[in-house]
Amino acid sequence: MRKVLLIALVLADLKVCATTATPVAQAFRPADTNNTLTAVPGIKVGHHTLSERPTGCTVVLAEAGATAGVDVRGAAPATAETDLLKPSDLVQQIFAISLSGSSAFGLDARSGVMKYLDEKNIGYKAYGGRVNVPIVPAASLIDLGIGDPKIHVTADCGYRAAQAATSNPVAEGNVGAGAGATIGKTGAPGRAMKAGIGSAAIRMADGLIVAALVAVNAAGDVIDPATGKVIAGARTEDGTGLADARVILKSRGMPQSPRPGENTTLGVVATNATLTKTQASRVAEMAHDGFARAIYPSHTMGDGDTIFALATAAKTGNADVSLIGALAAQVIADAVVRAAQQATGIPNYPAARDLK
């Protein structure tokens, strides 16, 4: 009798598990853990926000060094030190990435991050180790149309963001490089919306971690890949609903604005896997699928879409690059959705939470 009862209880438990099972992508993302870029050990993130405009910068630190790759897919990028990430080039590790608003002006933030790292003697050792050169690739998005365009991100902003960097869960929304980020510019002028910083992570059963951070300042709408529905973007004529860029472009085509250089979504993917520069570059390329899934349209002539990929090598052994790249695309898409969901409206740019 006891055996019969035990079997019945086991079958009941199996039935409950079968009916409450979560998708594979969510299976290793418990709510009580860090599900942001800093889920990868050795990665720190800091923001500095100039709220008076608003604009700002976001710094990703890998103080122990990380193998890196990059893929620039948009047609209007503002970048620095991306050539050295080519697999054929000399430097094998980087120590930080600087993301900023303020367009090309914002690339100055990189100098402040370099100063911070140099003070800690972190960087590439030249001249037999006598000289320290912090390697800090950078990318900026353009948000100069928000507030006073004469207020720029500076080297001091980068230094302060590096100082503020921690391994705590990443702050999202209207902070750092996402402070002045907006989306949905395929409709009529004045109907765009607010986005910002978003982050997401996936943990696999074997200990592999893949995570992403994005600053979403896209020309297009943000679409939830899980539902196919627009979350935020170009608004309807009365400003209270979503016009849907997919409908706009099919009926009216691309508007005169945005012009080249007035948008850009920036992303960083990090993993604890061990990758070569060639493999990291492939992960960065595959990660752009996440932009294409969650932003419509993406990679336009008016976007400078750029994704960096970092590998800390904390997890040793052969890495499955195809798997890591596929997961990278997923966390990028998840992070884009969060960037829209976590944003707060500013004057003339409501956020997703402000619409019914």
# chains A, B, ... in the order shown; residues from 1 in each chain; ligands from 1
$ closest_atom_pairs --of "stretch 63-160 of chain A" --to "stretch 332-352 of chain A" --cutoff "12 Å" --atoms "only C-alpha atoms" --output "tab-separated table"
residue	atom	partner	partner_atom	distance
A:Gly145	CA	A:Tyr349	CA	11.9
A:Ile146	CA	A:Pro347	CA	9.6
A:Gly147	CA	A:Pro347	CA	9.8
$ residues_around --residues "A:Gly42" --least-positions-apart "2" --cutoff "7 Å" --atoms "only C-alpha atoms" --output "VMD selection string"
chain A and resid 40 44 62
$ write_last_selection --atoms "C-alpha atoms" --output "tab-separated table (two decimals), in the first residue's frame"
chain	number	residue	atom	x	y	z
A	40	VAL	CA	29.27	37.30	-15.61
A	44	LYS	CA	31.48	45.55	-13.59
A	62	ALA	CA	36.85	43.87	-17.26
$ closest_residue --among "A:Gly325, A:Gly187, A:Gly65, A:Gly241" --to "A:Arg353" --atoms "only C-alpha atoms"
A:Gly241
$ closest_atom_pairs --of "stretch 65-106 of chain A" --to "stretch 193-212 of chain A" --cutoff "12 Å" --atoms "only C-alpha atoms" --output "JSON lines"
{"residue": "A:Leu99", "atom": "CA", "partner": "A:Ile197", "partner_atom": "CA", "distance": 10.7}
{"residue": "A:Ser100", "atom": "CA", "partner": "A:Ile197", "partner_atom": "CA", "distance": 11.1}
{"residue": "A:Gly101", "atom": "CA", "partner": "A:Gly196", "partner_atom": "CA", "distance": 10.7}
$ closest_atom_pairs --of "stretch 166-235 of chain A" --to "stretch 46-58 of chain A" --cutoff "6 Å" --atoms "only C-alpha atoms" --output "Markdown table"
| residue | atom | partner | partner_atom | distance |
| --- | --- | --- | --- | --- |
| A:Val175 | CA | A:Thr49 | CA | 5.7 |
| A:Gly176 | CA | A:Cys57 | CA | 4.3 |
| A:Ala177 | CA | A:Cys57 | CA | 4.2 |
| A:Ala179 | CA | A:Thr55 | CA | 4.8 |
| A:Gly180 | CA | A:Thr55 | CA | 4.8 |
$ write_last_selection --atoms "C-alpha atoms" --output "compact mmCIF listing (two decimals), in the first residue's frame"
# COMPACT_ATOMS: atom_id res chain seq x y z
CA VAL A 175 20.71 56.23 -16.89
CA GLY A 176 24.16 56.51 -18.41
CA ALA A 177 24.32 56.15 -22.18
CA ALA A 179 19.63 58.87 -20.45
CA GLY A 180 18.77 60.68 -23.69
$ closest_atom_pairs --of "stretch 70-187 of chain A" --to "stretch 289-294 of chain A" --cutoff "12 Å" --atoms "only C-alpha atoms" --output "CSV"
residue,atom,partner,partner_atom,distance
A:Asp71,CA,A:Asp289,CA,11.6
A:Arg73,CA,A:Phe291,CA,10.1
A:Gly74,CA,A:Phe291,CA,10.8
$ closest_atom_pairs --of "stretch 56-150 of chain A" --to "stretch 274-288 of chain A" --cutoff "10 Å" --atoms "only C-alpha atoms" --output "Markdown table"
| residue | atom | partner | partner_atom | distance |
| --- | --- | --- | --- | --- |
| A:Ala66 | CA | A:Leu275 | CA | 9.3 |
| A:Thr67 | CA | A:Lys277 | CA | 6.0 |
| A:Ala68 | CA | A:Ala280 | CA | 5.6 |
| A:Gly69 | CA | A:Ser281 | CA | 4.0 |
| A:Val70 | CA | A:Ser281 | CA | 5.5 |
| A:Asp71 | CA | A:Glu285 | CA | 5.5 |
| A:Val72 | CA | A:Glu285 | CA | 8.5 |
| A:Arg73 | CA | A:His288 | CA | 7.8 |
| A:Leu85 | CA | A:Lys277 | CA | 7.2 |
| A:Lys86 | CA | A:Lys277 | CA | 7.3 |
| A:Pro87 | CA | A:Lys277 | CA | 5.1 |
| A:Ser88 | CA | A:Thr278 | CA | 8.5 |
| A:Asp89 | CA | A:Lys277 | CA | 9.4 |
| A:Val91 | CA | A:Lys277 | CA | 9.7 |
| A:Gln92 | CA | A:Lys277 | CA | 7.1 |
| A:Gln93 | CA | A:Lys277 | CA | 8.7 |
$ write_last_selection --atoms "C-alpha atoms" --output "PDB file, in the first residue's frame"
ATOM      1  CA  ALA A  66      38.857  39.983 -21.577  1.00  0.00           C
ATOM      2  CA  THR A  67      39.087  38.721 -25.127  1.00  0.00           C
ATOM      3  CA  ALA A  68      36.878  40.873 -27.327  1.00  0.00           C
ATOM      4  CA  GLY A  69      35.313  41.204 -30.744  1.00  0.00           C
ATOM      5  CA  VAL A  70      33.028  43.766 -32.344  1.00  0.00           C
ATOM      6  CA  ASP A  71      30.554  44.010 -35.193  1.00  0.00           C
ATOM      7  CA  VAL A  72      29.424  47.400 -36.492  1.00  0.00           C
ATOM      8  CA  ARG A  73      26.246  46.860 -38.480  1.00  0.00           C
ATOM      9  CA  LEU A  85      39.630  44.036 -32.173  1.00  0.00           C
ATOM     10  CA  LYS A  86      40.227  42.467 -35.587  1.00  0.00           C
ATOM     11  CA  PRO A  87      41.416  38.884 -35.033  1.00  0.00           C
ATOM     12  CA  SER A  88      44.576  39.598 -37.060  1.00  0.00           C
ATOM     13  CA  ASP A  89      45.687  42.528 -34.902  1.00  0.00           C
ATOM     14  CA  VAL A  91      46.321  43.281 -28.826  1.00  0.00           C
ATOM     15  CA  GLN A  92      44.590  40.208 -27.399  1.00  0.00           C
ATOM     16  CA  GLN A  93      42.693  41.679 -24.433  1.00  0.00           C
TER      17      GLN A  93
END
$ residues_around --residues "A:Asp221" --least-positions-apart "5" --cutoff "9 Å" --atoms "only C-alpha atoms" --output "list in words"
Ile183, Gly184, Lys185, Thr186, Val230, Ile231, Ala232, Gly233, Ala234, Asp244, Ala245, Arg246, Ala294, Ile295, Tyr296, Pro297 and Ser298 of chain A
$ write_last_selection --atoms "C-alpha atoms" --output "JSON list (two decimals), in the first residue's frame"
[["chain", "number", "residue", "atom", "x", "y", "z"],
["A", 183, "ILE", "CA", 12.95, 55.36, -30.29],
["A", 184, "GLY", "CA", 10.18, 55.29, -32.88],
["A", 185, "LYS", "CA", 11.22, 57.93, -35.41],
["A", 186, "THR", "CA", 9.63, 56.40, -38.49],
["A", 230, "VAL", "CA", 5.13, 46.64, -30.48],
["A", 231, "ILE", "CA", 6.06, 47.73, -26.96],
["A", 232, "ALA", "CA", 7.15, 51.27, -27.74],
["A", 233, "GLY", "CA", 7.93, 53.33, -30.83],
["A", 234, "ALA", "CA", 6.21, 55.65, -33.27],
["A", 244, "ASP", "CA", 3.59, 50.31, -35.69],
["A", 245, "ALA", "CA", 6.58, 51.01, -37.93],
["A", 246, "ARG", "CA", 5.85, 47.84, -39.92],
["A", 294, "ALA", "CA", 13.45, 43.29, -31.26],
["A", 295, "ILE", "CA", 13.90, 46.51, -33.32],
["A", 296, "TYR", "CA", 12.08, 47.30, -36.57],
["A", 297, "PRO", "CA", 13.66, 48.58, -38.70],
["A", 298, "SER", "CA", 17.24, 48.03, -37.49]]
$ atom_distance --atom1 "atom CA of A:Gly106" --atom2 "atom CA of A:Gln330"
28.1 Å
$ closest_residue --among "A:Gly253, A:Pro137, A:Gly158, A:Pro149" --to "A:Tyr116" --atoms "only C-alpha atoms"
A:Gly158
$ residues_around --residues "A:Asp108" --least-positions-apart "6" --cutoff "10 Å" --atoms "only C-alpha atoms" --output "list of chain:residue names"
A:Ala80, A:Ser98, A:Ser100, A:Ser102, A:Ala138, A:Ser140, A:His152, A:Val153, A:Thr154, A:Ala155, A:Asp156, A:Cys157, A:Gly158
$ write_last_selection --atoms "N, CA and C atoms" --output "PDB file, in the first residue's frame"
ATOM      1  N   ALA A  80      35.558  54.150 -31.505  1.00  0.00           N
ATOM      2  CA  ALA A  80      36.998  54.309 -31.327  1.00  0.00           C
ATOM      3  C   ALA A  80      37.595  52.971 -30.921  1.00  0.00           C
ATOM      4  N   SER A  98      33.560  51.712 -23.326  1.00  0.00           N
ATOM      5  CA  SER A  98      32.844  52.948 -23.023  1.00  0.00           C
ATOM      6  C   SER A  98      31.689  53.134 -24.005  1.00  0.00           C
ATOM      7  N   SER A 100      28.409  55.789 -24.765  1.00  0.00           N
ATOM      8  CA  SER A 100      28.012  57.137 -24.356  1.00  0.00           C
ATOM      9  C   SER A 100      26.978  57.739 -25.279  1.00  0.00           C
ATOM     10  N   SER A 102      25.781  61.782 -26.715  1.00  0.00           N
ATOM     11  CA  SER A 102      26.486  62.974 -27.217  1.00  0.00           C
ATOM     12  C   SER A 102      27.208  62.788 -28.529  1.00  0.00           C
ATOM     13  N   ALA A 138      35.336  52.080 -27.721  1.00  0.00           N
ATOM     14  CA  ALA A 138      34.208  52.948 -27.360  1.00  0.00           C
ATOM     15  C   ALA A 138      33.245  53.098 -28.523  1.00  0.00           C
ATOM     16  N   SER A 140      29.469  55.588 -29.412  1.00  0.00           N
ATOM     17  CA  SER A 140      28.522  56.602 -28.936  1.00  0.00           C
ATOM     18  C   SER A 140      27.267  56.600 -29.780  1.00  0.00           C
ATOM     19  N   HIS A 152      27.718  68.149 -23.287  1.00  0.00           N
ATOM     20  CA  HIS A 152      28.290  66.927 -23.838  1.00  0.00           C
ATOM     21  C   HIS A 152      28.820  66.009 -22.746  1.00  0.00           C
ATOM     22  N   VAL A 153      28.885  64.738 -23.055  1.00  0.00           N
ATOM     23  CA  VAL A 153      29.627  63.777 -22.241  1.00  0.00           C
ATOM     24  C   VAL A 153      31.111  64.084 -22.399  1.00  0.00           C
ATOM     25  N   THR A 154      31.839  64.105 -21.289  1.00  0.00           N
ATOM     26  CA  THR A 154      33.259  64.452 -21.300  1.00  0.00           C
ATOM     27  C   THR A 154      34.099  63.321 -20.709  1.00  0.00           C
ATOM     28  N   ALA A 155      35.422  63.521 -20.709  1.00  0.00           N
ATOM     29  CA  ALA A 155      36.323  62.545 -20.097  1.00  0.00           C
ATOM     30  C   ALA A 155      36.005  62.373 -18.609  1.00  0.00           C
ATOM     31  N   ASP A 156      35.636  63.455 -17.953  1.00  0.00           N
ATOM     32  CA  ASP A 156      35.300  63.366 -16.523  1.00  0.00           C
ATOM     33  C   ASP A 156      34.106  62.441 -16.296  1.00  0.00           C
ATOM     34  N   CYS A 157      33.150  62.466 -17.225  1.00  0.00           N
ATOM     35  CA  CYS A 157      31.992  61.569 -17.116  1.00  0.00           C
ATOM     36  C   CYS A 157      32.446  60.112 -17.161  1.00  0.00           C
ATOM     37  N   GLY A 158      33.364  59.802 -18.076  1.00  0.00           N
ATOM     38  CA  GLY A 158      33.869  58.444 -18.174  1.00  0.00           C
ATOM     39  C   GLY A 158      34.597  58.020 -16.908  1.00  0.00           C
TER      40      GLY A 158
END
